[in-house]
$ cat run-v9.txt   # compact mmCIF, C-alpha atoms
# COMPACT_ATOMS: atom_id res chain seq x y z
CA MET A 615 -171.61 -16.91 -113.91
CA SER A 616 -170.11 -17.57 -117.34
CA LEU A 617 -166.89 -15.88 -118.37
CA PRO A 618 -166.58 -13.63 -121.43
CA GLU A 619 -165.93 -15.55 -124.63
CA VAL A 620 -162.54 -13.86 -125.05
CA TYR A 621 -161.04 -16.29 -122.52
CA GLU A 622 -161.99 -19.24 -124.73
CA ARG A 623 -160.12 -17.58 -127.58
CA LEU A 624 -157.11 -16.93 -125.39
CA ALA A 625 -157.12 -20.54 -124.15
CA ASP A 626 -157.27 -21.76 -127.75
CA ARG A 627 -154.37 -19.51 -128.69
CA LEU A 628 -152.20 -20.79 -125.82
CA ALA A 629 -153.22 -24.40 -126.50
CA ASN A 630 -152.03 -24.05 -130.10
CA THR A 631 -148.56 -22.80 -129.25
CA PRO A 632 -145.84 -25.48 -129.34
CA ASN A 633 -145.69 -25.46 -125.52
CA GLY A 634 -149.42 -26.09 -125.25
CA PHE A 635 -152.03 -25.31 -122.62
CA PRO A 636 -154.40 -27.92 -121.15
CA ARG A 637 -158.04 -27.37 -122.07
CA SER A 638 -160.71 -28.26 -119.51
CA LYS A 639 -164.23 -29.50 -120.23
CA LYS A 640 -165.30 -27.86 -116.97
CA GLY A 641 -163.96 -24.41 -117.87
CA THR A 642 -161.21 -24.48 -115.24
CA ASP A 643 -158.67 -23.36 -117.83
CA CYS A 644 -160.56 -20.18 -118.61
CA LYS A 645 -161.19 -19.46 -114.92
CA LEU A 646 -157.44 -19.62 -114.31
CA LEU A 647 -156.69 -17.36 -117.27
CA ALA A 648 -159.31 -14.87 -116.03
CA LYS A 649 -157.30 -14.57 -112.81
CA MET A 650 -154.19 -13.74 -114.83
CA PHE A 651 -155.53 -11.65 -117.73
CA SER A 652 -158.06 -8.81 -117.69
CA GLU A 653 -160.59 -8.84 -120.54
CA ASP A 654 -158.60 -6.21 -122.44
CA GLU A 655 -155.38 -8.18 -121.93
CA ALA A 656 -157.05 -11.42 -123.01
CA ALA A 657 -158.36 -9.78 -126.19
CA LEU A 658 -154.83 -8.80 -127.21
CA GLY A 659 -153.22 -12.05 -126.05
CA ALA A 660 -155.69 -14.05 -128.14
CA VAL A 661 -154.39 -12.48 -131.36
CA MET A 662 -150.68 -12.25 -130.55
CA ARG A 663 -147.83 -14.26 -132.02
CA LEU A 664 -144.92 -15.66 -130.04
CA GLU A 665 -142.50 -13.59 -132.13
CA ARG A 666 -142.60 -9.89 -131.34
CA GLU A 667 -144.67 -7.45 -133.39
CA SER A 668 -145.49 -3.75 -133.11
CA ALA A 669 -148.41 -2.49 -131.04
CA GLU A 670 -149.98 -1.18 -134.26
CA VAL A 671 -150.02 -4.61 -135.91
CA ILE A 672 -151.46 -6.26 -132.80
CA ALA A 673 -154.06 -3.50 -132.38
CA GLU A 674 -155.26 -3.82 -135.97
CA ARG A 675 -155.63 -7.58 -135.58
CA ALA A 676 -157.57 -7.14 -132.32
CA GLY A 677 -159.76 -4.35 -133.69
CA VAL A 678 -158.71 -1.71 -131.14
CA ASP A 679 -156.87 1.60 -131.52
CA ALA A 680 -153.10 1.54 -131.28
CA ALA A 681 -152.79 3.95 -128.35
CA THR A 682 -155.10 1.84 -126.20
CA ALA A 683 -153.33 -1.34 -127.22
CA ARG A 684 -149.94 0.14 -126.37
CA LEU A 685 -151.03 0.99 -122.81
CA VAL A 686 -152.49 -2.49 -122.28
CA LEU A 687 -149.42 -4.20 -123.73
CA LYS A 688 -147.07 -2.29 -121.43
CA GLY A 689 -149.13 -3.44 -118.46
CA MET A 690 -148.97 -7.02 -119.73
CA VAL A 691 -145.17 -6.81 -119.87
CA ARG A 692 -145.07 -5.69 -116.24
CA LYS A 693 -147.25 -8.66 -115.24
CA GLY A 694 -145.08 -11.12 -117.17
CA LEU A 695 -147.85 -12.13 -119.58
CA ILE A 696 -145.87 -11.15 -122.68
CA HIS A 697 -142.30 -10.20 -123.61
CA ALA A 698 -141.04 -7.01 -125.22
CA GLY A 699 -138.00 -5.86 -127.16
CA ARG A 700 -136.82 -2.97 -129.28
CA GLY A 701 -138.00 -3.03 -132.88
CA ALA A 702 -137.68 -0.41 -135.59
CA GLY A 703 -137.88 2.65 -133.37
CA SER A 704 -140.42 1.30 -130.91
CA LEU A 705 -141.14 -1.59 -128.58
CA ASN A 706 -142.43 -4.80 -130.09
CA TYR A 707 -144.44 -7.39 -128.14
CA GLY A 708 -144.75 -11.18 -128.24
CA LEU A 709 -146.99 -13.62 -126.39
CA LEU A 710 -145.42 -15.83 -123.74
CA PRO A 711 -146.51 -19.48 -123.64
CA PHE A 712 -148.30 -20.55 -120.48
CA ALA A 713 -145.40 -22.75 -119.30
CA VAL A 714 -142.58 -22.07 -119.19
CA GLY A 715 -143.79 -18.48 -119.40
CA SER A 716 -146.67 -16.48 -117.98
CA TRP A 717 -147.51 -19.04 -115.29
CA GLU A 718 -144.03 -18.80 -113.76
CA GLU A 719 -144.20 -15.00 -113.94
CA ALA A 720 -147.43 -15.09 -111.89
CA LEU A 721 -145.32 -15.59 -108.75
CA PRO A 722 -145.89 -12.03 -107.41
CA TYR A 723 -149.69 -12.23 -107.58
CA LEU A 724 -150.32 -15.96 -107.15
CA ASP A 725 -153.11 -16.36 -104.59
CA GLU A 726 -155.10 -19.20 -103.05
CA GLU A 727 -157.82 -19.19 -105.71
CA MET A 728 -155.29 -19.34 -108.54
CA ALA A 729 -153.42 -22.12 -106.74
CA ARG A 730 -156.63 -24.12 -106.34
CA LEU A 731 -157.62 -23.62 -109.98
CA PHE A 732 -154.19 -24.79 -111.13
CA ASP A 733 -154.47 -27.98 -109.06
CA GLU A 734 -157.96 -28.61 -110.43
CA LEU A 735 -156.75 -28.08 -113.99
CA MET A 736 -153.85 -30.51 -113.54
CA ASP A 737 -156.07 -33.14 -111.93
CA GLU A 738 -158.68 -32.82 -114.69
CA THR A 739 -156.27 -32.87 -117.61
CA HIS A 740 -153.09 -34.51 -116.21
CA GLY A 741 -151.23 -31.67 -117.91
CA GLY A 742 -152.85 -32.32 -121.27
CA ASN A 743 -150.94 -31.18 -124.32
CA MET A 744 -148.16 -29.63 -122.22
CA VAL A 745 -146.78 -32.99 -121.10
CA ASN A 746 -148.13 -35.85 -123.20
CA ILE A 747 -145.92 -35.43 -126.25
CA GLY A 748 -142.22 -34.83 -126.93
CA PRO A 749 -139.85 -33.23 -126.92
CA PRO A 750 -140.54 -32.40 -123.27
CA ILE A 751 -140.40 -28.81 -122.06
CA GLN A 752 -137.94 -29.56 -119.23
CA ARG A 753 -134.85 -31.75 -118.97
CA VAL A 754 -133.10 -33.27 -115.97
CA ILE A 755 -129.54 -32.18 -115.19
CA PRO A 756 -127.45 -34.74 -113.27
CA VAL A 757 -125.66 -34.08 -110.01
CA GLU A 758 -122.16 -33.69 -111.42
CA GLN A 759 -120.41 -35.54 -108.60
CA SER A 760 -122.60 -38.57 -109.32
CA VAL A 761 -121.24 -39.10 -112.83
CA HIS A 762 -118.50 -41.70 -113.23
CA ALA A 763 -115.07 -40.05 -113.07
CA ASP A 764 -114.06 -41.30 -116.53
CA ILE A 765 -117.01 -39.63 -118.28
CA ALA A 766 -116.70 -36.11 -119.70
CA LEU A 767 -119.74 -33.89 -119.25
CA LEU A 768 -120.94 -31.58 -122.02
CA PRO A 769 -121.56 -27.92 -121.06
CA TYR A 770 -125.36 -28.26 -121.23
CA GLU A 771 -125.17 -31.25 -118.88
CA GLN A 772 -123.54 -29.24 -116.08
CA ALA A 773 -125.48 -26.85 -113.88
CA SER A 774 -122.19 -25.40 -112.62
CA ASP A 775 -121.08 -24.56 -116.17
CA MET A 776 -124.34 -22.70 -116.80
CA VAL A 777 -123.76 -20.68 -113.63
CA ASN A 778 -120.11 -19.99 -114.45
CA GLN A 779 -120.92 -18.80 -117.98
CA ALA A 780 -123.51 -16.27 -116.75
CA LYS A 781 -122.81 -12.61 -115.93
CA SER A 782 -125.71 -12.16 -113.48
CA TRP A 783 -127.31 -14.52 -110.99
CA GLY A 784 -130.57 -14.37 -109.08
CA VAL A 785 -132.74 -16.54 -106.88
CA ARG A 786 -136.48 -16.50 -106.47
CA GLN A 787 -139.10 -18.46 -104.58
CA CYS A 788 -140.18 -21.72 -106.21
CA LEU A 789 -143.58 -21.05 -107.77
CA CYS A 790 -144.58 -24.71 -107.51
CA ARG A 791 -143.94 -24.98 -103.78
CA LYS A 792 -145.69 -21.65 -103.19
CA GLN A 793 -148.68 -22.91 -105.18
CA LYS A 794 -148.97 -26.11 -103.12
CA ALA A 795 -148.49 -24.21 -99.86
CA LEU A 796 -151.42 -21.96 -100.79
CA VAL A 797 -153.73 -24.99 -101.02
CA GLY A 798 -152.52 -26.31 -97.66
CA GLU A 799 -150.02 -28.85 -98.99
CA ARG A 800 -146.68 -27.29 -98.06
CA CYS A 801 -143.86 -29.81 -98.47
CA GLU A 802 -140.68 -30.27 -96.46
CA TYR A 803 -138.30 -28.91 -99.11
CA PRO A 804 -136.81 -25.37 -99.06
CA ASP A 805 -138.42 -23.01 -101.55
CA MET A 806 -135.93 -20.15 -102.13
CA ASN A 807 -133.86 -21.98 -104.73
CA CYS A 808 -135.02 -21.21 -108.27
CA VAL A 809 -131.76 -19.96 -109.81
CA THR A 810 -132.03 -17.48 -112.66
CA LEU A 811 -129.17 -16.54 -114.99
CA ALA A 812 -128.45 -13.72 -117.43
CA PRO A 813 -125.66 -13.03 -119.97
CA VAL A 814 -125.35 -9.35 -118.93
CA GLU A 815 -124.26 -7.76 -115.68
CA GLY A 816 -126.76 -6.28 -113.23
CA ALA A 817 -129.78 -8.02 -114.72
CA PHE A 818 -131.42 -8.76 -111.37
CA GLU A 819 -130.65 -5.56 -109.49
CA ASN A 820 -133.70 -3.83 -108.00
CA GLN A 821 -136.09 -6.63 -109.00
CA GLU A 822 -138.83 -7.04 -106.44
CA HIS A 823 -139.28 -10.80 -106.67
CA THR A 824 -135.80 -11.91 -107.74
CA THR A 825 -132.89 -11.45 -105.34
CA ALA A 826 -129.53 -10.78 -106.98
CA VAL A 827 -126.83 -13.16 -105.72
CA THR A 828 -123.18 -13.78 -106.50
CA ARG A 829 -121.82 -16.61 -108.63
CA GLU A 830 -120.64 -18.33 -105.45
CA GLU A 831 -124.05 -18.01 -103.81
CA ALA A 832 -125.75 -19.48 -106.89
CA LEU A 833 -123.39 -22.47 -106.81
CA ARG A 834 -124.04 -22.89 -103.09
CA ILE A 835 -127.80 -22.92 -103.69
CA LEU A 836 -127.37 -25.71 -106.24
CA THR A 837 -125.29 -27.76 -103.81
CA GLU A 838 -127.79 -27.26 -100.98
CA SER A 839 -130.63 -28.24 -103.31
CA GLU A 840 -128.84 -31.48 -104.22
CA GLN A 841 -128.26 -32.24 -100.54
CA ALA A 842 -131.94 -31.62 -99.80
CA GLY A 843 -132.92 -34.16 -102.47
CA LEU A 844 -134.17 -31.80 -105.17
CA VAL A 845 -133.81 -32.57 -108.88
CA HIS A 846 -132.07 -30.05 -111.15
CA SER A 847 -134.00 -29.32 -114.34
CA VAL A 848 -133.65 -26.78 -117.14
CA TYR A 849 -135.33 -25.98 -120.44
CA ASN A 850 -134.86 -28.90 -122.84
CA GLN A 851 -132.25 -27.29 -125.08
CA GLN A 852 -128.46 -27.01 -125.25
CA GLU A 853 -128.00 -23.26 -125.65
CA GLY A 854 -129.62 -20.16 -124.18
CA LEU A 855 -130.40 -21.64 -120.77
CA TYR A 856 -131.37 -18.96 -118.27
CA TYR A 857 -132.59 -20.83 -115.19
CA VAL A 858 -132.02 -23.96 -113.13
CA CYS A 859 -135.10 -25.28 -111.35
CA ASN A 860 -134.69 -27.45 -108.26
CA CYS A 861 -137.74 -29.67 -108.29
CA CYS A 862 -139.67 -31.97 -105.98
CA PRO A 863 -142.27 -34.51 -107.15
CA CYS A 864 -144.86 -33.38 -104.63
CA CYS A 865 -145.14 -29.82 -105.98
CA CYS A 866 -143.50 -29.45 -109.39
CA GLY A 867 -146.19 -29.45 -112.07
CA ILE A 868 -143.89 -31.17 -114.58
CA MET A 869 -142.47 -33.77 -112.19
CA ARG A 870 -146.01 -34.55 -111.07
CA GLY A 871 -146.68 -35.49 -114.67
CA VAL A 872 -144.09 -38.27 -114.39
CA VAL A 873 -144.65 -39.40 -110.80
CA LYS A 874 -148.39 -38.89 -110.27
CA TYR A 875 -149.89 -39.14 -113.75
CA GLY A 876 -147.43 -41.50 -115.47
CA GLN A 877 -146.77 -39.10 -118.34
CA ALA A 878 -143.63 -40.43 -120.05
CA HIS A 879 -143.08 -37.20 -122.01
CA ALA A 880 -143.54 -34.80 -119.09
CA LEU A 881 -139.82 -34.53 -118.34
CA ALA A 882 -136.76 -35.44 -120.41
CA HIS A 883 -134.32 -37.66 -118.56
CA SER A 884 -130.63 -36.84 -118.65
CA ASP A 885 -128.27 -38.86 -120.85
CA PHE A 886 -127.21 -40.78 -117.77
CA LEU A 887 -128.33 -43.90 -115.97
CA ALA A 888 -127.63 -45.21 -112.48
CA GLN A 889 -125.34 -48.25 -112.41
CA VAL A 890 -124.82 -50.58 -109.44
CA ASP A 891 -121.65 -52.36 -108.41
CA ALA A 892 -123.29 -55.56 -107.17
CA GLU A 893 -120.24 -56.62 -105.18
CA ALA A 894 -120.08 -53.31 -103.32
CA CYS A 895 -123.84 -53.00 -102.68
CA VAL A 896 -124.85 -53.82 -99.09
CA GLY A 897 -128.60 -53.74 -99.73
CA CYS A 898 -129.26 -50.91 -97.25
CA GLU A 899 -131.96 -49.27 -99.45
CA ALA A 900 -130.70 -45.74 -98.76
CA CYS A 901 -130.82 -45.13 -102.52
CA VAL A 902 -134.42 -46.38 -102.74
CA GLU A 903 -135.53 -43.78 -100.20
CA ARG A 904 -133.74 -41.06 -102.16
CA CYS A 905 -135.19 -41.90 -105.60
CA HIS A 906 -138.28 -39.87 -106.55
CA PHE A 907 -139.11 -41.95 -109.61
CA GLY A 908 -139.40 -45.51 -108.27
CA ALA A 909 -136.43 -46.58 -110.39
CA LEU A 910 -134.56 -48.51 -107.68
CA SER A 911 -135.40 -51.67 -105.77
CA VAL A 912 -133.53 -54.16 -103.58
CA PRO A 913 -135.27 -57.51 -104.09
CA ASP A 914 -132.39 -59.81 -103.07
CA SER A 915 -130.07 -57.60 -101.00
CA VAL A 916 -128.63 -56.00 -104.15
CA CYS A 917 -129.95 -52.81 -105.75
CA LEU A 918 -131.55 -53.08 -109.20
CA VAL A 919 -132.10 -50.14 -111.58
CA ASP A 920 -135.11 -49.82 -113.86
CA PRO A 921 -133.64 -48.00 -116.91
CA VAL A 922 -137.08 -46.82 -118.05
CA ARG A 923 -137.93 -45.16 -114.74
CA CYS A 924 -134.43 -43.81 -114.01
CA MET A 925 -134.25 -40.10 -114.91
CA GLY A 926 -130.49 -39.88 -114.49
CA CYS A 927 -130.62 -37.19 -111.80
CA GLY A 928 -127.90 -38.79 -109.63
CA LEU A 929 -129.57 -38.12 -106.29
CA CYS A 930 -129.27 -41.80 -105.39
CA VAL A 931 -125.46 -41.78 -105.51
CA SER A 932 -124.48 -39.58 -102.56
CA PRO A 933 -126.36 -41.45 -99.78
CA CYS A 934 -124.85 -44.84 -100.77
CA PRO A 935 -122.56 -45.81 -97.84
CA SER A 936 -120.54 -48.28 -99.93
CA ASP A 937 -120.10 -46.16 -103.09
CA ALA A 938 -121.90 -48.85 -105.07
CA LEU A 939 -123.80 -46.40 -107.30
CA THR A 940 -122.62 -44.11 -110.06
CA LEU A 941 -124.04 -42.55 -113.21
CA ILE A 942 -122.96 -43.82 -116.62
CA ARG A 943 -124.01 -42.73 -120.11
CA ARG A 944 -127.12 -44.38 -121.41
CA PRO A 945 -126.74 -46.71 -124.39
CA ASP A 946 -127.32 -44.94 -127.70
CA GLY A 947 -130.81 -46.42 -128.10
CA LEU A 948 -131.93 -45.02 -124.75
CA ARG A 949 -130.70 -41.46 -125.25
CA ALA A 950 -132.94 -38.59 -126.24
CA THR A 951 -131.66 -35.91 -128.61
CA THR A 952 -131.52 -32.49 -126.98
CA PRO A 953 -132.51 -29.67 -129.39
CA THR A 954 -129.74 -27.14 -130.02
CA ASP A 955 -131.64 -24.01 -129.03
CA HIS A 956 -135.15 -22.75 -128.41
CA HIS A 957 -135.92 -22.25 -132.09
CA ALA A 958 -135.00 -25.89 -132.78
CA TRP A 959 -137.00 -27.09 -129.77
CA ARG A 960 -140.03 -25.06 -130.79
CA ALA A 961 -139.93 -26.33 -134.39
CA GLU A 962 -139.61 -29.95 -133.30
CA ARG A 963 -142.35 -29.59 -130.71
CA ALA A 964 -144.74 -27.92 -133.17
CA LYS A 965 -144.17 -30.75 -135.65
CA SER A 966 -144.76 -33.41 -132.98
CA ARG A 967 -147.97 -31.76 -131.82
CA GLY A 968 -149.21 -30.97 -135.31
CA VAL A 969 -149.71 -27.29 -134.54
CA PRO A 970 -148.48 -24.23 -136.46
CA LEU A 971 -145.04 -23.04 -135.39
CA ASP A 972 -146.22 -19.46 -134.87
CA THR A 973 -149.23 -18.92 -137.09
CA LEU A 974 -152.54 -17.70 -135.74
CA LEU A 975 -155.42 -20.06 -136.38
$ encode --input "run-v9.txt" --output "structure tokens"
Amino acid sequence: MSLPEVYERLADRLANTPNGFPRSKKGTDCKLLAKMFSEDEAALGAVMRLERESAEVIAERAGVDAATARLVLKGMVRKGLIHAGRGAGSLNYGLLPFAVGSWEEALPYLDEEMARLFDELMDETHGGNMVNIGPPIQRVIPVEQSVHADIALLPYEQASDMVNQAKSWGVRQCLCRKQKALVGERCEYPDMNCVTLAPVEGAFENQEHTTAVTREEALRILTESEQAGLVHSVYNQQEGLYYVCNCCPCCCGIMRGVVKYGQAHALAHSDFLAQVDAEACVGCEACVERCHFGALSVPDSVCLVDPVRCMGCGLCVSPCPSDALTLIRRPDGLRATTPTDHHAWRAERAKSRGVPLDTLL
């Protein structure tokens, strides 16, 4: 049975945001959206901008009455399909991109069919326009203890600094590991370790799917994630960071782009690179087992680092029994520029993709 045409329009709208949305020749994209959006919600989403507007403006564009639109929009906010904020005397509403956005907020209602459709969409498109062009959506954050002692870290390079600057802390189940578990591919990594941050106190109190934690608990979760072999990643910007993901290559949709599909722009590496002290290296290959990206090898009893494959996460450093590994800054020619904030990222991404910044087609 064919889906209503409104889902094609919604898919086009999401695909033409800077973040992108992978289109499927088999219609898998629209089937997934139909699990997330009702027809009424899709009709409004298809005509919404990323920047917030009044319900009246959105209703006029969609050809529905304002009262009806307002009720639908409020329901969409509760489902995490759009975002809302106070305007001139009333709430204004803006469309969320698919990722990072409405897909992550599908955690409460993610079911087996949605999980299967997502896997099919990724296998068909390899992430499509979400991952095949820069700047990437996500960026790796290094394990701080892995960085050479003489190197100063910038605030946006330190997960602990992000946690310490926040006023509220929460933890929620990893959507990616839940999604893979629903299709029968549960991995060995813990899944209650997506750390969320807010600049105001009490932001995560009484939230059904986010558990409020203390600053100390958030820092402990990061440490335990490092010890488990998970990669820290955040939005690819310097300011306004509100979460720290702890990712595995078997489940994370973005890391799969690098590891499984060979998408160079799926994930931004950190500004660091693993360096080996050849005299100290004992050739035990403990680091090779720890590396998710195939960046390390031990061809002649001494570890070698592939600077192209190395993401600068630092997970290889801690298991080294001879302290032969450390992270150093990449040479200037191998560093990526991190956009200042989300507005800068969005503008750069829109230019790279050749799509309007926030103009409806």
$ closest_atom_pairs --input "run-v9.txt" --of "segment 845-892 of chain A" --to "segment 790-798 of chain A" --cutoff "8 Å" --atoms "all atoms listed in the file" --output "tab-separated table"
residue	atom	partner	partner_atom	distance
A:Cys865	CA	A:Cys790	CA	5.4
A:Cys866	CA	A:Cys790	CA	5.2
A:Gly867	CA	A:Cys790	CA	6.8
$ axis_aligned_box --input "run-v9.txt" --around "segment 918-930 of chain A" --padding-each-side "4 Å" --output "JSON"
{"center_x": -132.9, "center_y": -45.1, "center_z": -111.7, "size_x": 18.0, "size_y": 23.9, "size_z": 20.7}
$ atom_distance --input "run-v9.txt" --atom1 "atom CA of Gly742 of chain A" --atom2 "atom CA of Lys639 of chain A"
11.8 Å
$ residues_around --input "run-v9.txt" --residues "Ala882 of chain A" --least-positions-apart "4" --cutoff "8 Å" --atoms "only C-alpha atoms" --output "count of residues only"
9
$ residues_around --input "run-v9.txt" --residues "Leu705 of chain A" --least-positions-apart "4" --cutoff "9 Å" --atoms "only C-alpha atoms" --output "PyMOL selection string"
chain A and resi 666-669+698-701
$ residues_near_point --input "run-v9.txt" --point "(-132.2, -11.6, -119.0)" --cutoff "12 Å" --atoms "only C-alpha atoms" --output "CSV table (one decimal) with C-alpha atoms, in the coordinates of the input"
chain,number,residue,atom,x,y,z
A,697,HIS,CA,-142.3,-10.2,-123.6
A,698,ALA,CA,-141.0,-7.0,-125.2
A,699,GLY,CA,-138.0,-5.9,-127.2
A,780,ALA,CA,-123.5,-16.3,-116.8
A,781,LYS,CA,-122.8,-12.6,-115.9
A,782,SER,CA,-125.7,-12.2,-113.5
A,783,TRP,CA,-127.3,-14.5,-111.0
A,784,GLY,CA,-130.6,-14.4,-109.1
A,810,THR,CA,-132.0,-17.5,-112.7
A,811,LEU,CA,-129.2,-16.5,-115.0
A,812,ALA,CA,-128.4,-13.7,-117.4
A,813,PRO,CA,-125.7,-13.0,-120.0
A,814,VAL,CA,-125.4,-9.4,-118.9
A,815,GLU,CA,-124.3,-7.8,-115.7
A,816,GLY,CA,-126.8,-6.3,-113.2
A,817,ALA,CA,-129.8,-8.0,-114.7
A,818,PHE,CA,-131.4,-8.8,-111.4
A,819,GLU,CA,-130.6,-5.6,-109.5
A,821,GLN,CA,-136.1,-6.6,-109.0
A,824,THR,CA,-135.8,-11.9,-107.7
A,854,GLY,CA,-129.6,-20.2,-124.2
A,855,LEU,CA,-130.4,-21.6,-120.8
A,856,TYR,CA,-131.4,-19.0,-118.3
A,857,TYR,CA,-132.6,-20.8,-115.2
$ residues_around --input "run-v9.txt" --residues "Asp972 of chain A" --least-positions-apart "5" --cutoff "8 Å" --atoms "all atoms listed in the file" --output "JSON, numbers by chain"
{"A": [631, 663, 664, 665]}
$ atom_distance --input "run-v9.txt" --atom1 "atom CA of His883 of chain A" --atom2 "atom CA of Val922 of chain A"
9.6 Å
$ closest_residue --input "run-v9.txt" --among "A:Ala958, A:Ala938, A:Leu948, A:Cys861" --to "His906 of chain A" --atoms "all atoms listed in the file"
A:Cys861
$ residues_around --input "run-v9.txt" --residues "Arg637 of chain A" --least-positions-apart "5" --cutoff "9 Å" --atoms "all atoms listed in the file" --output "list in words"
Ala625, Asp626, Ala629, Thr642, Asp643, Cys644, Leu735, Thr739, Gly742 and Asn743 of chain A
$ atom_distance --input "run-v9.txt" --atom1 "atom CA of Pro711 of chain A" --atom2 "atom CA of Ala660 of chain A"
11.6 Å
$ closest_residue --input "run-v9.txt" --among "A:Leu929, A:Val912, A:Cys788, A:Met662" --to "Ala842 of chain A" --atoms "all atoms listed in the file"
A:Leu929
$ residues_near_point --input "run-v9.txt" --point "(-146.5, -20.0, -113.1)" --cutoff "10 Å" --atoms "only C-alpha atoms" --output "MDAnalysis selection string"
chainID A and resid 694 712:722 724 728:729 732 788:790 793 867
$ residues_around --input "run-v9.txt" --residues "Pro970 of chain A" --least-positions-apart "3" --cutoff "12 Å" --atoms "only C-alpha atoms" --output "list of chain:residue names"
A:Arg627, A:Leu628, A:Ala629, A:Asn630, A:Thr631, A:Pro632, A:Asn633, A:Gly634, A:Arg663, A:Leu664, A:Arg960, A:Ala961, A:Glu962, A:Arg963, A:Ala964, A:Lys965, A:Ser966, A:Arg967, A:Thr973, A:Leu974, A:Leu975
$ closest_residue --input "run-v9.txt" --among "A:His762, A:His957, A:Lys874, A:Arg684" --to "Glu670 of chain A" --atoms "all atoms listed in the file"
A:Arg684
$ closest_residue --input "run-v9.txt" --among "A:Arg923, A:Arg829, A:Arg730, A:Lys693" --to "Leu710 of chain A" --atoms "all atoms listed in the file"
A:Lys693
$ closest_residue --input "run-v9.txt" --among "A:Arg943, A:Asn860, A:Pro953, A:Glu674" --to "Gln841 of chain A" --atoms "only C-alpha atoms"
A:Asn860
$ closest_residue --input "run-v9.txt" --among "A:Thr940, A:Asn820, A:Ser774, A:Ser884" --to "Gln851 of chain A" --atoms "only C-alpha atoms"
A:Ser884
